[in-house]
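Enquirer: Contents of work27.tsv (TSV, C-alpha atoms) are below:
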chain	number	residue	atom	x	y	z
P	1	ASN	CA	50.04	181.00	51.02
P	2	ARG	CA	49.85	178.01	53.37
P	3	TRP	CA	47.96	175.98	50.74
P	4	ALA	CA	50.55	176.80	48.07
P	5	THR	CA	53.36	175.73	50.41
P	6	GLN	CA	51.69	172.51	51.51
P	7	LEU	CA	50.56	171.51	48.03
P	8	GLU	CA	53.74	172.77	46.37
P	9	VAL	CA	51.75	174.44	43.59
P	10	PRO	CA	51.18	178.07	42.70
P	11	ILE	CA	47.78	179.46	43.66
P	12	PHE	CA	46.23	182.54	42.09
P	13	SER	CA	43.37	184.25	43.87
P	14	ILE	CA	41.27	186.66	41.83
P	15	ASP	CA	39.95	189.80	43.46
P	16	TYR	CA	37.27	190.27	40.82
P	17	ARG	CA	34.96	193.26	40.70
P	18	LYS	CA	31.66	192.74	42.51
P	19	SER	CA	28.16	194.10	42.27
P	20	PRO	CA	26.40	196.39	42.90
P	21	GLU	CA	29.23	198.72	41.85
P	22	HIS	CA	30.23	196.40	39.02
P	23	PRO	CA	27.33	194.33	37.66
P	24	PHE	CA	27.57	191.46	35.19
P	25	PRO	CA	29.77	190.88	33.20
P	26	ALA	CA	32.53	192.78	35.09
P	27	GLY	CA	33.48	189.94	37.46
P	28	LEU	CA	33.44	187.37	34.68
P	29	ASP	CA	35.62	189.63	32.53
P	30	ASP	CA	38.14	189.88	35.38
P	31	VAL	CA	38.24	186.11	35.85
P	32	PHE	CA	38.63	185.52	32.12
P	33	GLN	CA	41.40	188.11	31.85
P	34	LEU	CA	43.44	186.62	34.69
P	35	TYR	CA	42.92	183.09	33.39
P	36	ASN	CA	44.26	184.17	30.01
P	37	TRP	CA	47.18	185.92	31.72
P	38	VAL	CA	48.06	182.68	33.52
P	39	LEU	CA	47.97	180.77	30.22
P	40	ASP	CA	49.92	183.36	28.23
P	41	TYR	CA	52.38	184.93	30.66
P	42	CYS	CA	53.08	182.54	33.54
P	43	PRO	CA	55.83	180.70	31.66
P	44	ARG	CA	57.59	183.91	30.62
P	45	VAL	CA	57.03	186.17	33.60
P	46	LEU	CA	56.95	183.76	36.55
P	47	ASN	CA	58.81	180.82	35.01
P	48	ILE	CA	55.84	178.58	35.82
P	49	GLU	CA	54.48	176.17	33.24
P	50	PRO	CA	50.81	175.51	34.09
P	51	GLU	CA	50.64	171.74	33.68
P	52	ARG	CA	47.33	171.25	35.46
P	53	ILE	CA	44.91	174.04	36.18
P	54	VAL	CA	42.19	173.57	38.77
P	55	VAL	CA	39.70	176.41	39.15
P	56	THR	CA	37.70	176.72	42.36
P	57	GLY	CA	34.93	178.99	43.48
P	58	ASP	CA	32.24	179.21	46.07
P	59	SER	CA	28.81	180.79	45.72
P	60	ALA	CA	29.16	183.59	43.12
P	61	GLY	CA	32.74	182.46	42.56
P	62	GLY	CA	31.41	179.02	41.63
P	63	ASN	CA	29.19	180.70	39.07
P	64	LEU	CA	32.19	182.54	37.63
P	65	ALA	CA	34.32	179.37	37.56
P	66	ALA	CA	31.66	177.50	35.57
P	67	ALA	CA	31.09	180.48	33.26
P	68	LEU	CA	34.86	180.65	32.71
P	69	VAL	CA	34.77	177.15	31.25
P	70	LEU	CA	32.00	178.22	28.89
P	71	LEU	CA	34.09	181.19	27.73
P	72	CYS	CA	37.07	178.91	27.18
P	73	LEU	CA	34.91	176.68	25.00
P	74	LYS	CA	33.54	179.67	23.10
P	75	PHE	CA	36.97	181.09	22.32
P	76	LYS	CA	38.57	177.66	21.85
P	77	ILE	CA	41.28	178.15	24.46
P	78	ARG	CA	42.54	175.64	26.98
P	79	ARG	CA	39.90	174.94	29.57
P	80	PRO	CA	40.76	174.18	33.19
P	81	ASP	CA	41.65	170.57	33.92
P	82	ALA	CA	39.17	170.41	36.79
P	83	LEU	CA	36.64	172.47	38.71
P	84	VAL	CA	35.88	172.47	42.43
P	85	LEU	CA	32.63	174.30	43.12
P	86	SER	CA	31.30	174.93	46.62
P	87	TYR	CA	27.61	175.79	46.82
P	88	PRO	CA	27.81	177.44	43.37
P	89	ALA	CA	25.10	179.79	42.15
P	90	LEU	CA	24.57	178.09	38.79
P	91	ASN	CA	21.01	179.16	38.02
P	92	LEU	CA	20.24	182.87	38.49
P	93	ASN	CA	16.77	182.69	36.98
P	94	TYR	CA	14.48	184.87	39.10
P	95	ASN	CA	11.64	182.42	38.51
P	96	ASN	CA	13.63	179.34	39.50
P	97	TYR	CA	11.93	177.82	42.52
P	98	THR	CA	13.60	174.83	44.11
P	99	PRO	CA	12.70	173.10	47.36
P	100	SER	CA	15.79	174.58	49.04
P	101	LEU	CA	14.89	178.08	47.85
P	102	LEU	CA	11.41	177.65	49.30
P	103	VAL	CA	12.97	176.63	52.63
P	104	SER	CA	15.00	179.87	52.56
P	105	ILE	CA	11.80	181.92	52.71
P	106	GLU	CA	12.05	181.75	56.49
P	107	ASP	CA	15.86	181.57	56.72
P	108	LEU	CA	17.21	184.18	59.14
P	109	ILE	CA	20.75	184.24	57.68
P	110	LEU	CA	20.09	184.16	53.93
P	111	PRO	CA	16.40	184.85	53.22
P	112	HIS	CA	15.09	184.64	49.66
P	113	THR	CA	14.38	188.38	49.61
P	114	PHE	CA	18.08	189.09	50.16
P	115	LEU	CA	18.97	186.67	47.37
P	116	LYS	CA	16.61	188.55	45.04
P	117	VAL	CA	18.28	191.86	45.96
P	118	CYS	CA	21.70	190.33	45.21
P	119	LEU	CA	20.47	189.10	41.83
P	120	SER	CA	18.98	192.45	40.87
P	121	SER	CA	22.22	194.24	41.80
P	122	TYR	CA	24.26	191.78	39.72
P	123	ILE	CA	21.95	191.72	36.68
P	124	LYS	CA	21.33	195.40	35.94
P	125	ASP	CA	20.65	195.07	32.20
P	126	ASP	CA	16.97	194.19	31.66
P	127	ARG	CA	17.87	192.68	28.28
P	128	LEU	CA	19.83	189.90	29.98
P	129	ASP	CA	17.77	186.78	30.60
P	130	PRO	CA	19.28	184.52	33.26
P	131	ALA	CA	16.96	181.72	32.14
P	132	SER	CA	18.75	181.50	28.79
P	133	ASN	CA	22.08	183.37	29.15
P	134	PHE	CA	24.40	180.59	30.23
P	135	TYR	CA	27.19	183.00	31.14
P	136	LEU	CA	24.84	184.26	33.85
P	137	SER	CA	23.36	180.84	34.62
P	138	PRO	CA	25.82	178.12	33.63
P	139	ALA	CA	23.21	175.46	34.38
P	140	ALA	CA	21.27	176.79	31.37
P	141	ALA	CA	24.10	175.85	28.98
P	142	PRO	CA	23.15	173.33	26.32
P	143	ASP	CA	24.11	169.71	26.91
P	144	TYR	CA	26.72	169.70	24.13
P	145	LEU	CA	28.66	172.36	26.08
P	146	LEU	CA	28.14	170.80	29.50
P	147	LYS	CA	29.51	167.50	28.15
P	148	GLN	CA	32.79	169.30	27.44
P	149	PHE	CA	33.28	170.42	31.04
P	150	PRO	CA	36.32	169.10	32.87
P	151	PRO	CA	35.84	166.77	35.84
P	152	THR	CA	33.86	168.83	38.34
P	153	HIS	CA	33.48	168.32	42.08
P	154	PHE	CA	30.54	169.93	43.88
P	155	PHE	CA	30.17	170.70	47.57
P	156	VAL	CA	26.59	171.58	48.46
P	157	GLY	CA	24.26	171.55	51.44
P	158	SER	CA	20.84	169.97	51.65
P	159	ARG	CA	19.22	173.34	52.36
P	160	ASP	CA	21.37	175.47	50.08
P	161	PRO	CA	19.16	178.04	48.31
P	162	LEU	CA	21.76	178.67	45.59
Can the structure in the file be given as structure tokens, please?

Expert:
Amino acid sequence: NRWATQLEVPIFSIDYRKSPEHPFPAGLDDVFQLYNWVLDYCPRVLNIEPERIVVTGDSAGGNLAAALVLLCLKFKIRRPDALVLSYPALNLNYNNYTPSLLVSIEDLILPHTFLKVCLSSYIKDDRLDPASNFYLSPAAAPDYLLKQFPPTHFFVGSRDPL
């Protein structure tokens, strides 16, 4: 509420469904539904014309924000005008080993074993391959789609295992 007042713009916060109770694609469906509601109904219901839309997300929310853009491209609807992603989980491939993930092996706050449990609770369907399904792992999207992304700002840490 304070951000909306200071920036003088409407802000919508999505309370999307989360795993393990609601595995993929439930959260992404929620985000996509609300985004479409904003596009279709904001002018009529709230008397707000969305001139610029900036989508933000951190961690899993960053994953959903990036996947939202991919869905917009798939269905040929207006994509956000910008993304702001804070330590986004863009590659959910179980076999993805990065230097920062290797550092997390001994991390007391977010150890790699906990990350693996989170992934397995989010990806319940064994037929889904996070190495190739770019709605799960937006970083796996082909270049021709990534080139269509809006301007995107990333906030990451040097030891971020995501």

Enquirer: Can you list, as a list in words, every protein, DNA or RNA residue that comes within 12 Å of Leu85 of chain P when you count all atoms listed in the file, leaving out same-chain residues fewer than 5 positions away?

Expert: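 Everything that qualifies: Val54, Val55, Thr56, Gly57, Asp58, Ser59, Ala60, Gly61, Gly62, Asn63, Leu64, Ala65, Ala66, Ala67, Leu90, Pro151, Thr152, His153, Phe154, Phe155, Val156 and Leu162 of chain P.
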
Enquirer: Pick from P:Pro50, P:Pro23, P:Pro138, P:Pro99: nearest to Arg79 of chain P, with all atoms listed in the file counted?

Expert: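 Ranked by minimum distance to Arg79 of chain P, first place goes to P:Pro50.
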
Enquirer: Taking only C-alpha atoms into account, produce a table as a Markdown table in which each residue of segment 57-140 of chain P with an atom at most 12 Å from an atom of segment 17-21 of chain P appears once, together with its shortest atom pair and the distance in Å to one decimal, ordered by chain and rising number.

Expert:
| residue | atom | partner | partner_atom | distance |
| --- | --- | --- | --- | --- |
| P:Ala60 | CA | P:Lys18 | CA | 9.5 |
| P:Gly61 | CA | P:Lys18 | CA | 10.3 |
| P:Leu64 | CA | P:Lys18 | CA | 11.3 |
| P:Val117 | CA | P:Pro20 | CA | 9.8 |
| P:Cys118 | CA | P:Pro20 | CA | 8.0 |
| P:Leu119 | CA | P:Ser19 | CA | 9.2 |
| P:Ser120 | CA | P:Pro20 | CA | 8.6 |
| P:Ser121 | CA | P:Pro20 | CA | 4.8 |
| P:Tyr122 | CA | P:Ser19 | CA | 5.2 |
| P:Ile123 | CA | P:Ser19 | CA | 8.7 |
| P:Lys124 | CA | P:Pro20 | CA | 8.7 |

Enquirer: Return the single residue from P:Leu70, P:Asn95, P:Asp29, P:Arg159 that is closest to Asp107 of chain P, with distances computed using only C-alpha atoms.

Expert: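 Between P:Leu70, P:Asn95, P:Asp29, P:Arg159, the residue approaching Asp107 of chain P most closely is P:Arg159.
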
Enquirer: Measuring between all atoms listed in the file, which one of P:Lys147, P:Asn36, P:Leu92, P:Tyr87 shows the shortest distance to Leu128 of chain P?

Expert: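 Answer, going by the shortest atom-to-atom distance: P:Leu92.
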
Enquirer: Figure out the distance between atom CA of Ile48 of chain P and atom CA of Thr5 of chain P, please, to one decimal in Å.

Expert: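 Interatomic distance here is 15.1 Å.
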
Enquirer: Within 12 Å of (43.7, 174.9, 25.8) (coordinates as in the file), grab all the protein and nucleic acid residues, counting all atoms listed in the file, and write them out as a ChimeraX atom specification.

Expert: /P:35-36,38-40,50-53,69,71-81,150

Enquirer: Between atom CA of Cys42 of chain P and atom CA of Pro10 of chain P, what is the spacing in Å?

Expert: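 Separation between atom CA of Pro10 of chain P and atom CA of Cys42 of chain P: 10.4 Å.
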
Enquirer: One number please: atom CA of Tyr97 of chain P to atom CA of Phe134 of chain P, in Å, one decimal.

Expert: 17.7 Å

Enquirer: From the set P:Pro43, P:Asp125, P:Asn91, P:Leu7, which residue has the shortest atom-to-atom contact distance to His22 of chain P, counting only C-alpha atoms?

Expert: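 Selected residue with least distance to His22 of chain P: P:Asp125.
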
Enquirer: Of the candidates P:Gln33, P:Asn47, P:Ser104, P:Ser13, which shows the shortest atom-to-atom distance to Lys116 of chain P, using only C-alpha atoms?

Expert: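 Of P:Gln33, P:Asn47, P:Ser104, P:Ser13, the one nearest Lys116 of chain P, counting only C-alpha atoms, is P:Ser104.
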